[in-house]
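**Student:** The structure's right below; bear with me while I get my questions together.
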Amino acid sequence: MACSACANHIEKNVSKVKGVASVNVNLLANSMTADFDEVLCSADDIIRSVKEAGYGAALADGTASQKSSAPSKMEDEVHRSRLRLIWSVIFTVPLFYISMGHMFQWPLPPFLLGHENALAFAFTQFLFTIPIAIINGRYFINGFLLLLRGRANMDSLIAVGSSAAILYGIFAIYQIGIGLGHGNAELVHHYSMDLYFESAGMILTLITLGKYLEDRAKGKTSDAITKLVQLRPQTATVIRDGKSLEIPTAEIQKGDVVAVKAGESIPVDGTVIEGSAAVDESALTGESIPIEKNPGDSVVGASVSKSGYFTFRAEQVGDDTTLSQIIRLMEEAGSSKAPIARLADKISGVFVPIVIVIAFAAALIWLMAGKAFEFALSTGISVLVISCPCALGLATPTAIMVGCGKGAEYGILIKSAESLETAHKADVVMLDKTGTITEGKPAVTDFIAAGSRKSEEALALAASLESLSEHPLALAVCSYAKENGVALHPAEEFETLPGQGVRAVICGRKILAGNLRMMQEHQIDTALVKEKAKALSEEGKTPLLFAEEQEIIALIGVSDVIKPSSRPAIEKLQSMNLEVIMLTGDNQIVAQAIGRQAGTNQTIAEVMPQEKERVVREWMEKGKKVLMVGDGINDAPALARADVGVAIGAGTDIAIESADIVLTKSDLTDVSTFIALSRATIRNIRENLFWALIYNCIGIPLAAGVFFPFFGWQLNPMFAAAAMSLSSVCVVCNALRLKLFRPDNKREKRLLAKQSKTNASVPQKTENPPKGEMKMEKKIRIEGMSCGHCTARVQKALEEAGASGVHVELSEKTAYLSNDNPPPDSVLRKAVEGAGYTVAEIC
């Protein structure tokens, strides 16, 4: 398959097979899925139909996971495309130099200069053109084969245009030889200036460059699936006959007892038998906070145990696991995504046959009218040359190339032209919550001191206890205490109470931290904070209670807070007549709270990866164009299913590979920028197609000699080629206007600045706030940061070096530190450089 016209034709041909209910062709993956009645037809009948359409086909074997574990077959095709491009360039450069050398006064060998060497000049160009044509022979084979079958595509345009230029060049060589043999200097000069071998060579080389870039894009889907498979651990510990055995994950059988330690990935789905642990399921559910797992609770493969030890009974193994279902959904979603029927492909289906008919008709009519064969041949070739598909072929890719480059300037990586074309039709934007709308990690939002302890003392005891825990909520408390400069106390007799919390002895006093149930079991009076804790829960926050002996000393609210840019970005999308829906696996209360803060039109909560994909599919079945934005593995099926998938750059590799677009700055504002860029690009493509065709509409009648009987006007091949070149120049110049594109984000920036001031006071509801009002500020200018991963690494390095209140701003290439006692500049510089970046200035 060469273009969307090929995919459309295969779908039509297979649809005619009796018994086929539906068929979907995936152009990028070179695959097809078909639903059919095995009583009425077979897979062989479908394969035969594809072959009758002029393409090859074979039945795919193996499951999704088996196929994805093998090296990508696209690597070989990319390698072949690269070799074709390299060899094409090797021959095109000298061809162009020789053909244009005399025009620019470039030095040429003596045997190529002068009237007497015209034949050598022409034949040398021909010799350089032949290898280019042989290297790219697939265009001629496919193009002419489909043309003969009445199904012209872009390959047909390339084949006809290149062949016309080569045939005319060969004709010119004969004329030069005749001129030299008969001493006709005028004939020699005329045809030595009318060689179009360089046009044929450049057309083939430029198209090969585009095909190489397209082949590289095709490998992305299989890469994403391969990385999904790699999430599952290679080995697992299974307990059989009372002995612990380490076996390959693929050999786990239903009913096996599997042991999982802290830090290990869970190999398959099952139910906990013994022990407990905090399990990170964010890869599958989007839940940012690890879930406590106790006996009787279910666990899913690819999730990670963050703490504790437990055993579980394997219930879903092999292709029945949740991870395998996600892989299968990604493949199905990718196959069902209909390729875009580009305007150029639609035009080519009618344009090429008409041009060929006009060329032959013009030559035949002039012969019948009594004109010389040379006149008739020149007329026919002029029609073909002026109809060369160079401008038509450049109309879409030039605009796409400039559009993609412009997107890169704003940190928007566009992985496929189809997504840039499709986004302008978007009706619905679906946003994941965790890591997309929110920061993706828990942070303290509320601190309430209670009892006899002062707020600073209460926070010190709470952080001292939590400093011994590896739970993400504990880390949030410790980070908050560090930001406020609170000194910690040594803790003793630390103990974890599964499903409740932790306790230890600090300064000789028993300190407890956990949920309401824990406090009640220890007969601690929670009346002071009970209503407040309930209010925090209703707001979607996690309340943590801290007690000293039998007295509540603090209540801390922890939540995954929304990014400052999220609400302005959502308002911008809504102003573009787009419906914004938040789609999350988080619980209903948390999701509704975040949805209200972010200002989404609709919130859909508690959806697993399969359900996310189903929601996207249902909206698409309503006739809506869906743009999905996410950052986690759980978003991968939905990203693959949506018309356009957009991944947050700070997200997982799986999401990035599954998506069509990557936002390197992890800023939702860039979603509206991308859609605006898509609309501008499509408008530019349509303008380009107009300019590409207007010359043909004017030039073809002129080249065919329509005006010759009345005005004596005839367009010879030289001027026909000039007109063709001019149309290409117009197309390229028009595409370059996209460089002037600027996103209208002034309103969002004002809202963001206003919101940043509001959010600067987080935590939002703090009673008896600890010290920290007067803090030193440092700015570190850093070079080399390019994405959210970079800022995260820099922040982590600075915090480990002893800095607190660290905030890294990617757009400003600056790290901001707030600390009463900051580390020395040399320590900060060493920390940043150790992370792989360069410090430009510390002030």
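All residue names refer to the structure tokens as shown: chains lettered A, B, ... in order, residues numbered from 1 in each chain, ligands numbered from 1 in order.
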What's around segment 675-682 of chain A at 6 Å? Count only C-alpha atoms, leave out sequence neighbours fewer than 4 positions away in its own chain, and write the answer as a PyMOL selection string.
**Tutor:** chain A and resi 420+423-424
**Student:** I'd like the neighbourhood of Ala476 of chain A as a list in words, where a residue qualifies if any of its atoms comes within 9 Å (using only C-alpha atoms), though same-chain residues fewer than 2 positions away should be ignored.
**Tutor:**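 Returned residues: Lys441, Pro442, Ala443, Val444, His471, Pro472, Leu473, Ala474, Cys478, Ser479, Tyr480, Ala481 and Val558 of chain A.
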**Student:** Those selected residues, please, written with N, CA, C and O atoms and delivered as a PDB file, in the first residue's frame.
**Tutor:**
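Result file part-v7.pdb:
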```pdb
ATOM      1  N   LYS A 441       1.058  13.471  41.422  1.00  0.00           N
ATOM      2  CA  LYS A 441       1.648  12.980  42.670  1.00  0.00           C
ATOM      3  C   LYS A 441       0.962  13.686  43.832  1.00  0.00           C
ATOM      4  O   LYS A 441       0.559  14.855  43.729  1.00  0.00           O
ATOM      5  N   PRO A 442       0.803  12.985  44.984  1.00  0.00           N
ATOM      6  CA  PRO A 442       0.106  13.590  46.111  1.00  0.00           C
ATOM      7  C   PRO A 442       0.896  14.730  46.733  1.00  0.00           C
ATOM      8  O   PRO A 442       2.131  14.694  46.776  1.00  0.00           O
ATOM      9  N   ALA A 443       0.169  15.738  47.205  1.00  0.00           N
ATOM     10  CA  ALA A 443       0.772  16.883  47.883  1.00  0.00           C
ATOM     11  C   ALA A 443      -0.153  17.325  49.010  1.00  0.00           C
ATOM     12  O   ALA A 443      -1.369  17.128  48.950  1.00  0.00           O
ATOM     13  N   VAL A 444       0.419  17.900  50.038  1.00  0.00           N
ATOM     14  CA  VAL A 444      -0.368  18.384  51.174  1.00  0.00           C
ATOM     15  C   VAL A 444      -1.135  19.640  50.755  1.00  0.00           C
ATOM     16  O   VAL A 444      -0.555  20.600  50.271  1.00  0.00           O
ATOM     17  N   HIS A 471       5.502   5.023  51.953  1.00  0.00           N
ATOM     18  CA  HIS A 471       4.207   5.280  51.314  1.00  0.00           C
ATOM     19  C   HIS A 471       4.213   6.676  50.677  1.00  0.00           C
ATOM     20  O   HIS A 471       4.733   7.626  51.261  1.00  0.00           O
ATOM     21  N   PRO A 472       3.659   6.822  49.455  1.00  0.00           N
ATOM     22  CA  PRO A 472       3.637   8.133  48.792  1.00  0.00           C
ATOM     23  C   PRO A 472       2.985   9.239  49.612  1.00  0.00           C
ATOM     24  O   PRO A 472       3.400  10.398  49.546  1.00  0.00           O
ATOM     25  N   LEU A 473       1.955   8.899  50.423  1.00  0.00           N
ATOM     26  CA  LEU A 473       1.328   9.914  51.262  1.00  0.00           C
ATOM     27  C   LEU A 473       2.299  10.391  52.335  1.00  0.00           C
ATOM     28  O   LEU A 473       2.328  11.580  52.686  1.00  0.00           O
ATOM     29  N   ALA A 474       3.102   9.468  52.839  1.00  0.00           N
ATOM     30  CA  ALA A 474       4.109   9.827  53.835  1.00  0.00           C
ATOM     31  C   ALA A 474       5.155  10.750  53.229  1.00  0.00           C
ATOM     32  O   ALA A 474       5.607  11.721  53.856  1.00  0.00           O
ATOM     33  N   CYS A 478       6.344  14.537  54.455  1.00  0.00           N
ATOM     34  CA  CYS A 478       7.751  14.874  54.700  1.00  0.00           C
ATOM     35  C   CYS A 478       8.202  16.038  53.819  1.00  0.00           C
ATOM     36  O   CYS A 478       8.944  16.922  54.255  1.00  0.00           O
ATOM     37  N   SER A 479       7.777  16.027  52.569  1.00  0.00           N
ATOM     38  CA  SER A 479       8.133  17.099  51.651  1.00  0.00           C
ATOM     39  C   SER A 479       7.554  18.433  52.130  1.00  0.00           C
ATOM     40  O   SER A 479       8.221  19.469  52.083  1.00  0.00           O
ATOM     41  N   TYR A 480       6.329  18.398  52.638  1.00  0.00           N
ATOM     42  CA  TYR A 480       5.693  19.613  53.140  1.00  0.00           C
ATOM     43  C   TYR A 480       6.430  20.148  54.366  1.00  0.00           C
ATOM     44  O   TYR A 480       6.656  21.360  54.507  1.00  0.00           O
ATOM     45  N   ALA A 481       6.832  19.239  55.261  1.00  0.00           N
ATOM     46  CA  ALA A 481       7.578  19.651  56.444  1.00  0.00           C
ATOM     47  C   ALA A 481       8.930  20.253  56.059  1.00  0.00           C
ATOM     48  O   ALA A 481       9.380  21.248  56.648  1.00  0.00           O
ATOM     49  N   VAL A 558      -4.369  15.392  51.962  1.00  0.00           N
ATOM     50  CA  VAL A 558      -3.444  15.144  50.846  1.00  0.00           C
ATOM     51  C   VAL A 558      -4.250  14.880  49.579  1.00  0.00           C
ATOM     52  O   VAL A 558      -5.248  14.154  49.604  1.00  0.00           O
TER      53      VAL A 558
END
```
**Student:** Give the strand (DSSP E or B) residues of segment 512-687 of chain A, as assigned by DSSP on the backbone, as number ranges by chain.
**Tutor:** A: 512-514, 542-548, 551-559, 562, 579-583, 602-604, 626-630, 644-648, 661-663
**Student:** Report, in Å with one decimal, the straight-line distance from atom CA of Ala53 of chain A to atom CA of Leu693 of chain A.
**Tutor:**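 These atoms are spaced 28.8 Å apart.
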**Student:** Tell me, as a PDB file with N, CA and C atoms, in the first residue's frame, which residues lie within 9 Å of segment 454-467 of chain A, counting only C-alpha atoms; anything in the same chain fewer than 6 positions away does not count.
**Tutor:**
```pdb
ATOM      1  N   PHE A 447      -3.460  21.608  56.285  1.00  0.00           N
ATOM      2  CA  PHE A 447      -2.815  21.223  57.541  1.00  0.00           C
ATOM      3  C   PHE A 447      -3.589  21.882  58.685  1.00  0.00           C
ATOM      4  N   ILE A 448      -4.112  21.061  59.582  1.00  0.00           N
ATOM      5  CA  ILE A 448      -4.927  21.568  60.692  1.00  0.00           C
ATOM      6  C   ILE A 448      -4.358  21.021  61.992  1.00  0.00           C
ATOM      7  N   LEU A 473       1.955   8.899  50.423  1.00  0.00           N
ATOM      8  CA  LEU A 473       1.328   9.914  51.262  1.00  0.00           C
ATOM      9  C   LEU A 473       2.299  10.391  52.335  1.00  0.00           C
ATOM     10  N   ALA A 474       3.102   9.468  52.839  1.00  0.00           N
ATOM     11  CA  ALA A 474       4.109   9.827  53.835  1.00  0.00           C
ATOM     12  C   ALA A 474       5.155  10.750  53.229  1.00  0.00           C
ATOM     13  N   LEU A 475       5.546  10.461  52.006  1.00  0.00           N
ATOM     14  CA  LEU A 475       6.527  11.303  51.323  1.00  0.00           C
ATOM     15  C   LEU A 475       5.988  12.715  51.134  1.00  0.00           C
ATOM     16  N   VAL A 477       3.879  14.290  53.128  1.00  0.00           N
ATOM     17  CA  VAL A 477       3.956  14.964  54.428  1.00  0.00           C
ATOM     18  C   VAL A 477       5.379  15.411  54.719  1.00  0.00           C
ATOM     19  N   CYS A 478       6.344  14.537  54.455  1.00  0.00           N
ATOM     20  CA  CYS A 478       7.751  14.874  54.700  1.00  0.00           C
ATOM     21  C   CYS A 478       8.202  16.038  53.819  1.00  0.00           C
ATOM     22  N   SER A 479       7.777  16.027  52.569  1.00  0.00           N
ATOM     23  CA  SER A 479       8.133  17.099  51.651  1.00  0.00           C
ATOM     24  C   SER A 479       7.554  18.433  52.130  1.00  0.00           C
ATOM     25  N   TYR A 480       6.329  18.398  52.638  1.00  0.00           N
ATOM     26  CA  TYR A 480       5.693  19.613  53.140  1.00  0.00           C
ATOM     27  C   TYR A 480       6.430  20.148  54.366  1.00  0.00           C
ATOM     28  N   ALA A 481       6.832  19.239  55.261  1.00  0.00           N
ATOM     29  CA  ALA A 481       7.578  19.651  56.444  1.00  0.00           C
ATOM     30  C   ALA A 481       8.930  20.253  56.059  1.00  0.00           C
ATOM     31  N   LYS A 482       9.561  19.665  55.067  1.00  0.00           N
ATOM     32  CA  LYS A 482      10.856  20.165  54.615  1.00  0.00           C
ATOM     33  C   LYS A 482      10.731  21.554  54.013  1.00  0.00           C
ATOM     34  N   VAL A 486      10.902  22.520  58.990  1.00  0.00           N
ATOM     35  CA  VAL A 486      10.652  21.878  60.276  1.00  0.00           C
ATOM     36  C   VAL A 486      11.702  20.794  60.540  1.00  0.00           C
ATOM     37  N   ALA A 487      12.312  20.828  61.726  1.00  0.00           N
ATOM     38  CA  ALA A 487      13.328  19.836  62.092  1.00  0.00           C
ATOM     39  C   ALA A 487      12.645  18.553  62.562  1.00  0.00           C
ATOM     40  N   LEU A 488      13.221  17.423  62.181  1.00  0.00           N
ATOM     41  CA  LEU A 488      12.638  16.126  62.523  1.00  0.00           C
ATOM     42  C   LEU A 488      13.297  15.537  63.778  1.00  0.00           C
ATOM     43  N   HIS A 489      12.566  14.639  64.430  1.00  0.00           N
ATOM     44  CA  HIS A 489      13.055  13.948  65.634  1.00  0.00           C
ATOM     45  C   HIS A 489      13.298  12.479  65.300  1.00  0.00           C
ATOM     46  N   PRO A 490      14.229  11.836  65.968  1.00  0.00           N
ATOM     47  CA  PRO A 490      14.435  10.392  65.746  1.00  0.00           C
ATOM     48  C   PRO A 490      13.240   9.582  66.241  1.00  0.00           C
ATOM     49  N   ALA A 491      12.906   8.544  65.466  1.00  0.00           N
ATOM     50  CA  ALA A 491      11.763   7.694  65.814  1.00  0.00           C
ATOM     51  C   ALA A 491      12.246   6.284  66.122  1.00  0.00           C
ATOM     52  N   PHE A 494       9.317   1.638  65.136  1.00  0.00           N
ATOM     53  CA  PHE A 494       8.402   1.913  64.011  1.00  0.00           C
ATOM     54  C   PHE A 494       7.685   0.627  63.602  1.00  0.00           C
ATOM     55  N   VAL A 502       0.572   3.758  60.451  1.00  0.00           N
ATOM     56  CA  VAL A 502       1.866   3.444  61.060  1.00  0.00           C
ATOM     57  C   VAL A 502       1.911   4.019  62.479  1.00  0.00           C
ATOM     58  N   ARG A 503       2.865   3.522  63.283  1.00  0.00           N
ATOM     59  CA  ARG A 503       3.058   4.070  64.621  1.00  0.00           C
ATOM     60  C   ARG A 503       4.514   3.907  65.004  1.00  0.00           C
ATOM     61  N   ALA A 504       4.962   4.750  65.961  1.00  0.00           N
ATOM     62  CA  ALA A 504       6.335   4.711  66.451  1.00  0.00           C
ATOM     63  C   ALA A 504       6.408   5.493  67.763  1.00  0.00           C
ATOM     64  N   VAL A 505       7.554   5.407  68.391  1.00  0.00           N
ATOM     65  CA  VAL A 505       7.803   6.164  69.623  1.00  0.00           C
ATOM     66  C   VAL A 505       8.772   7.290  69.293  1.00  0.00           C
ATOM     67  N   ILE A 506       8.329   8.537  69.565  1.00  0.00           N
ATOM     68  CA  ILE A 506       9.146   9.716  69.277  1.00  0.00           C
ATOM     69  C   ILE A 506       9.221  10.561  70.539  1.00  0.00           C
ATOM     70  N   ILE A 511       3.335   7.858  68.962  1.00  0.00           N
ATOM     71  CA  ILE A 511       2.723   8.661  67.907  1.00  0.00           C
ATOM     72  C   ILE A 511       2.088   7.716  66.879  1.00  0.00           C
ATOM     73  N   LEU A 512       0.865   8.018  66.499  1.00  0.00           N
ATOM     74  CA  LEU A 512       0.156   7.209  65.508  1.00  0.00           C
ATOM     75  C   LEU A 512      -0.230   8.071  64.315  1.00  0.00           C
ATOM     76  N   ALA A 513      -0.263   7.443  63.144  1.00  0.00           N
ATOM     77  CA  ALA A 513      -0.718   8.125  61.925  1.00  0.00           C
ATOM     78  C   ALA A 513      -1.516   7.140  61.091  1.00  0.00           C
ATOM     79  N   PHE A 546      -3.273  12.282  62.908  1.00  0.00           N
ATOM     80  CA  PHE A 546      -2.089  12.040  63.714  1.00  0.00           C
ATOM     81  C   PHE A 546      -2.458  12.201  65.190  1.00  0.00           C
ATOM     82  N   ALA A 547      -2.011  11.241  66.005  1.00  0.00           N
ATOM     83  CA  ALA A 547      -2.339  11.269  67.428  1.00  0.00           C
ATOM     84  C   ALA A 547      -1.075  11.076  68.264  1.00  0.00           C
ATOM     85  N   GLU A 548      -1.035  11.756  69.406  1.00  0.00           N
ATOM     86  CA  GLU A 548       0.043  11.596  70.383  1.00  0.00           C
ATOM     87  C   GLU A 548      -0.576  10.979  71.631  1.00  0.00           C
ATOM     88  N   ILE A 553      -3.523  15.323  67.384  1.00  0.00           N
ATOM     89  CA  ILE A 553      -2.700  16.543  67.330  1.00  0.00           C
ATOM     90  C   ILE A 553      -2.729  17.223  65.963  1.00  0.00           C
ATOM     91  N   ALA A 554      -3.133  16.505  64.897  1.00  0.00           N
ATOM     92  CA  ALA A 554      -3.135  17.133  63.570  1.00  0.00           C
ATOM     93  C   ALA A 554      -3.998  16.346  62.591  1.00  0.00           C
ATOM     94  N   GLU A 767      -4.458  25.969  59.262  1.00  0.00           N
ATOM     95  CA  GLU A 767      -4.677  26.642  60.530  1.00  0.00           C
ATOM     96  C   GLU A 767      -3.388  26.577  61.325  1.00  0.00           C
ATOM     97  N   ASN A 768      -3.050  27.685  62.002  1.00  0.00           N
ATOM     98  CA  ASN A 768      -1.800  27.783  62.751  1.00  0.00           C
ATOM     99  C   ASN A 768      -0.615  27.392  61.866  1.00  0.00           C
ATOM    100  N   PRO A 769      -0.388  28.103  60.750  1.00  0.00           N
ATOM    101  CA  PRO A 769       0.677  27.692  59.827  1.00  0.00           C
ATOM    102  C   PRO A 769       2.047  27.767  60.479  1.00  0.00           C
ATOM    103  N   PRO A 770       2.921  26.834  60.141  1.00  0.00           N
ATOM    104  CA  PRO A 770       4.276  26.851  60.684  1.00  0.00           C
ATOM    105  C   PRO A 770       5.046  28.040  60.154  1.00  0.00           C
ATOM    106  N   LYS A 771       6.221  28.146  60.657  1.00  0.00           N
ATOM    107  CA  LYS A 771       7.056  29.260  60.207  1.00  0.00           C
ATOM    108  C   LYS A 771       7.424  29.062  58.748  1.00  0.00           C
TER     109      LYS A 771
END
```
**Student:** By how many Å are atom CA of Lys778 of chain A and atom CA of Glu833 of chain A apart?
**Tutor:**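 These atoms are spaced 17.0 Å apart.
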**Student:** Please, what distance in Å, to one decimal, runs between atom CA of Tyr191 of chain A and atom CA of Trp87 of chain A?
**Tutor:**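 For atom CA of Tyr191 of chain A relative to atom CA of Trp87 of chain A, the distance reads 28.5 Å.
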